[in-house]
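Asker: What follows is a single structure, and I will ask about it in a moment.
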Amino acid sequence: MVNENDLRTIIEQVLSEMNLGQKDQESQKSCAACAGEPVIEEGCIPDVTEVDIRTQYLVENPVNKEAYYDLKQYAPCRLGIGKAGARYKTDPSLQFRAAHSAAQDAVFSDVDQEFVDKMGLFSVQTQCDSKDIYLTRPDLGRKLNDEAVKVIKEKCKMHPTVQVYVSDGLSSAAIAANVGDVLPAIEQGLKSYGIDCGTPFFVKYGRVGAMDQISEITGADVTCVLIGERPGLITATSMSAYIAYKATVGMPEARRTVVSNIHKAGTNPAEAGAHIAEIIKKILENKASGTDLKL
């Protein structure tokens with residue numbers, strides 16, 4: 001057990017390493033906002049996941065800080081994080097570990113069934129029986145199980161102009177963060193264009209390729225899947241929309257049109273929904289998608 005005195009000593013050492021000791025804490029606060037450094041109050045470090053790394057610059061005595069700062073606005077990467085000797089500073093090290101943990105959680109967790117129900121979606125599943133199988137057998141994530149085929153035939157409108165559905169993909173966090181804004185925006189946009197839309201639903205353990213089988217089952221002219229993308233260390237909530245005209249099992253990937261990077265720090269979810277609806281309209285007008293479509 002760590003006693004109170006030992007804990008106090010550890011905290012003081014951390015504060016000292018980050019150049020934010022008690023003696024100069026007040027003077028540091030004034031420049032912390034422009035430097036993107038954390039302001040420590042009462043020995044507590046702020047939530048590192050809330051730091052906007054585009055505004056954080058931790059290099060001491062920079063030659064051209066303004067130019068580098070401008071660069072970071074267009075490249076939200078871990079640039080200009082400084083170092084302590086041969087090592088990273090404490091703050092960016094903690095941010096990196098937090099981002100890695102968020103990425104793992106996004107991949108290994110499931111979409112909350114309560115969220116699926118709230119969106120008014122029924123659920124079906126691919127031939128993957130678990131997350132482990134899903135991650136190690138991508139081919140099974142492209143095929144629906146027999147029960148899923150039966151349920152889709154029973155509950156979905158057959159031969160709609162557009163079939164939109166949602167799938168967890170490689171990030172459950174992306175679905176929870178974005179679908180609530182994107183899906184209604186797509187449906188509203190298609191309605192405004194007078195385009196018939198099928199019955200939306202949710203596919204668990206789904207890969208992008210599952211849309212080809214769904215296209216054949218429903219007989220839709222255009223199929224669109226909203227799916228969680230592989231998370232990185234900048235965001236774990238990025239979602240994409242893959243859209244195809246008359247998709248068929250075994251078709252080349254080049255026939256898919258993609259709207260990617262949908263998240264709060266990328267393509268705004270509500271705006272993405274309207275954009276996707278517009279793209280679907282163009283696909284129907286040109287009867288083509290992917291590399292065959294000129295946007």
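Each chain of the structure tokens is named A, B, ... in the order shown, its residues numbered from 1; ligands are numbered from 1 in display order.
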Using DSSP on the backbone coordinates, identify all residues within stretch 58-287 of chain A classified as helix (DSSP H, G or I); present the result as an MDAnalysis selection string.
Answerer: chainID A and resid 65:74 90:108 113:118 131:136 140:142 146:155 172:192 210:218 253:255 269:286
Asker: Output C-alpha atoms for every residue in that selection, as a tab-separated table (two decimals), in the first residue's frame.
Answerer:
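Saved result, part-v2.tsv, follows:
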chain	number	residue	atom	x	y	z
A	65	LYS	CA	6.43	27.87	-33.89
A	66	GLU	CA	3.76	29.75	-35.87
A	67	ALA	CA	4.46	27.95	-39.15
A	68	TYR	CA	4.53	24.57	-37.44
A	69	TYR	CA	1.30	25.38	-35.63
A	70	ASP	CA	-0.38	26.18	-38.95
A	71	LEU	CA	0.83	22.86	-40.38
A	72	LYS	CA	-0.70	20.94	-37.48
A	73	GLN	CA	-4.14	22.36	-38.27
A	74	TYR	CA	-4.17	20.37	-41.52
A	90	THR	CA	4.71	12.47	-19.98
A	91	ASP	CA	1.67	14.15	-21.51
A	92	PRO	CA	2.00	12.84	-25.11
A	93	SER	CA	2.97	9.42	-23.77
A	94	LEU	CA	-0.27	9.24	-21.81
A	95	GLN	CA	-2.24	10.51	-24.82
A	96	PHE	CA	-0.73	7.80	-27.00
A	97	ARG	CA	-1.64	5.07	-24.51
A	98	ALA	CA	-5.17	6.45	-24.13
A	99	ALA	CA	-5.65	6.51	-27.92
A	100	HIS	CA	-4.37	2.95	-28.21
A	101	SER	CA	-6.78	1.81	-25.50
A	102	ALA	CA	-9.70	3.56	-27.23
A	103	ALA	CA	-8.81	1.84	-30.51
A	104	GLN	CA	-8.75	-1.57	-28.83
A	105	ASP	CA	-12.07	-0.94	-27.12
A	106	ALA	CA	-13.65	0.11	-30.43
A	107	VAL	CA	-12.54	-3.12	-32.12
A	108	PHE	CA	-13.27	-5.62	-29.37
A	113	GLN	CA	-28.30	-3.52	-28.51
A	114	GLU	CA	-30.14	-0.71	-26.76
A	115	PHE	CA	-28.71	1.71	-29.33
A	116	VAL	CA	-29.78	-0.53	-32.20
A	117	ASP	CA	-33.29	-0.72	-30.78
A	118	LYS	CA	-33.39	3.04	-30.27
A	131	LYS	CA	-15.67	-11.36	-32.27
A	132	ASP	CA	-12.59	-13.61	-32.40
A	133	ILE	CA	-13.91	-15.43	-35.46
A	134	TYR	CA	-14.87	-12.12	-37.04
A	135	LEU	CA	-11.33	-10.77	-36.65
A	136	THR	CA	-9.60	-13.93	-37.88
A	140	LEU	CA	-17.20	-15.25	-42.92
A	141	GLY	CA	-17.95	-11.60	-42.21
A	142	ARG	CA	-18.93	-11.18	-45.87
A	146	ASP	CA	-29.16	-18.67	-42.88
A	147	GLU	CA	-31.30	-17.03	-40.21
A	148	ALA	CA	-30.22	-13.57	-41.39
A	149	VAL	CA	-31.24	-14.32	-44.97
A	150	LYS	CA	-34.63	-15.51	-43.77
A	151	VAL	CA	-35.23	-12.48	-41.53
A	152	ILE	CA	-34.25	-9.98	-44.23
A	153	LYS	CA	-36.65	-11.60	-46.70
A	154	GLU	CA	-39.43	-11.46	-44.11
A	155	LYS	CA	-38.91	-7.93	-42.75
A	172	SER	CA	-18.49	-0.22	-32.58
A	173	ALA	CA	-17.66	3.25	-31.23
A	174	ALA	CA	-18.00	4.72	-34.73
A	175	ILE	CA	-21.54	3.39	-35.04
A	176	ALA	CA	-22.62	4.74	-31.66
A	177	ALA	CA	-21.06	8.15	-32.39
A	178	ASN	CA	-22.30	8.74	-35.94
A	179	VAL	CA	-25.28	6.67	-37.06
A	180	GLY	CA	-27.76	8.67	-35.02
A	181	ASP	CA	-27.03	11.70	-37.22
A	182	VAL	CA	-26.03	10.09	-40.53
A	183	LEU	CA	-28.88	7.61	-41.07
A	184	PRO	CA	-31.76	10.08	-40.56
A	185	ALA	CA	-29.97	12.60	-42.80
A	186	ILE	CA	-29.66	10.02	-45.59
A	187	GLU	CA	-33.31	9.03	-45.29
A	188	GLN	CA	-34.43	12.66	-45.27
A	189	GLY	CA	-32.22	13.46	-48.26
A	190	LEU	CA	-33.52	10.52	-50.31
A	191	LYS	CA	-37.09	11.45	-49.44
A	192	SER	CA	-36.52	15.02	-50.63
A	210	ALA	CA	-21.77	-8.46	-47.05
A	211	MET	CA	-23.53	-5.65	-48.94
A	212	ASP	CA	-23.22	-7.68	-52.15
A	213	GLN	CA	-25.31	-10.55	-50.79
A	214	ILE	CA	-27.78	-8.09	-49.25
A	215	SER	CA	-28.11	-6.38	-52.64
A	216	GLU	CA	-28.98	-9.70	-54.28
A	217	ILE	CA	-31.46	-10.64	-51.53
A	218	THR	CA	-33.35	-7.33	-51.50
A	253	GLU	CA	-14.01	-3.63	-55.21
A	254	ALA	CA	-13.62	-0.89	-57.82
A	255	ARG	CA	-17.40	-0.81	-58.22
A	269	PRO	CA	-21.97	13.30	-39.57
A	270	ALA	CA	-25.09	15.33	-40.43
A	271	GLU	CA	-23.40	16.85	-43.48
A	272	ALA	CA	-22.14	13.42	-44.49
A	273	GLY	CA	-25.70	12.08	-44.55
A	274	ALA	CA	-26.83	14.79	-46.97
A	275	HIS	CA	-23.74	14.22	-49.12
A	276	ILE	CA	-24.34	10.46	-49.26
A	277	ALA	CA	-27.95	11.02	-50.36
A	278	GLU	CA	-26.71	13.30	-53.15
A	279	ILE	CA	-24.17	10.70	-54.28
A	280	ILE	CA	-26.86	8.00	-54.34
A	281	LYS	CA	-28.95	10.28	-56.54
A	282	LYS	CA	-26.04	10.64	-58.98
A	283	ILE	CA	-25.42	6.89	-58.96
A	284	LEU	CA	-29.03	6.26	-59.93
A	285	GLU	CA	-28.90	8.90	-62.66
A	286	ASN	CA	-25.71	7.46	-64.15
Asker: Looking only at the backbone, which of the residues in stretch 89-262 of chain A does DSSP tag as strand (DSSP E or B), as a PyMOL selection string?
Answerer: chain A and resi 122-126+144+162-167+197+201-204+222-228+239-245+256-262
Asker: Considering only C-alpha atoms, can you say which of A:Pro62, A:Pro200, A:Gly206, A:Pro138 comes closest to A:Asp110?
Answerer: A:Gly206
Asker: A:Tyr245: which residues within 7 Å, counting only C-alpha atoms, same-chain residues fewer than 4 positions away excluded, as number ranges by chain?
Answerer: A: 221-223, 283, 287-289
Asker: Take atom CA of A:Gly198 and atom CA of A:Gly219 and report the distance between them in Å, one decimal.
Answerer: 10.2 Å
Asker: Restricting the calculation to only C-alpha atoms: of A:Lys143, A:Lys246, A:Lys157, A:Arg87, which residue gets closest to A:Asp196?
Answerer: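 Ranking A:Lys143, A:Lys246, A:Lys157, A:Arg87 by distance to A:Asp196, first place goes to A:Lys157.
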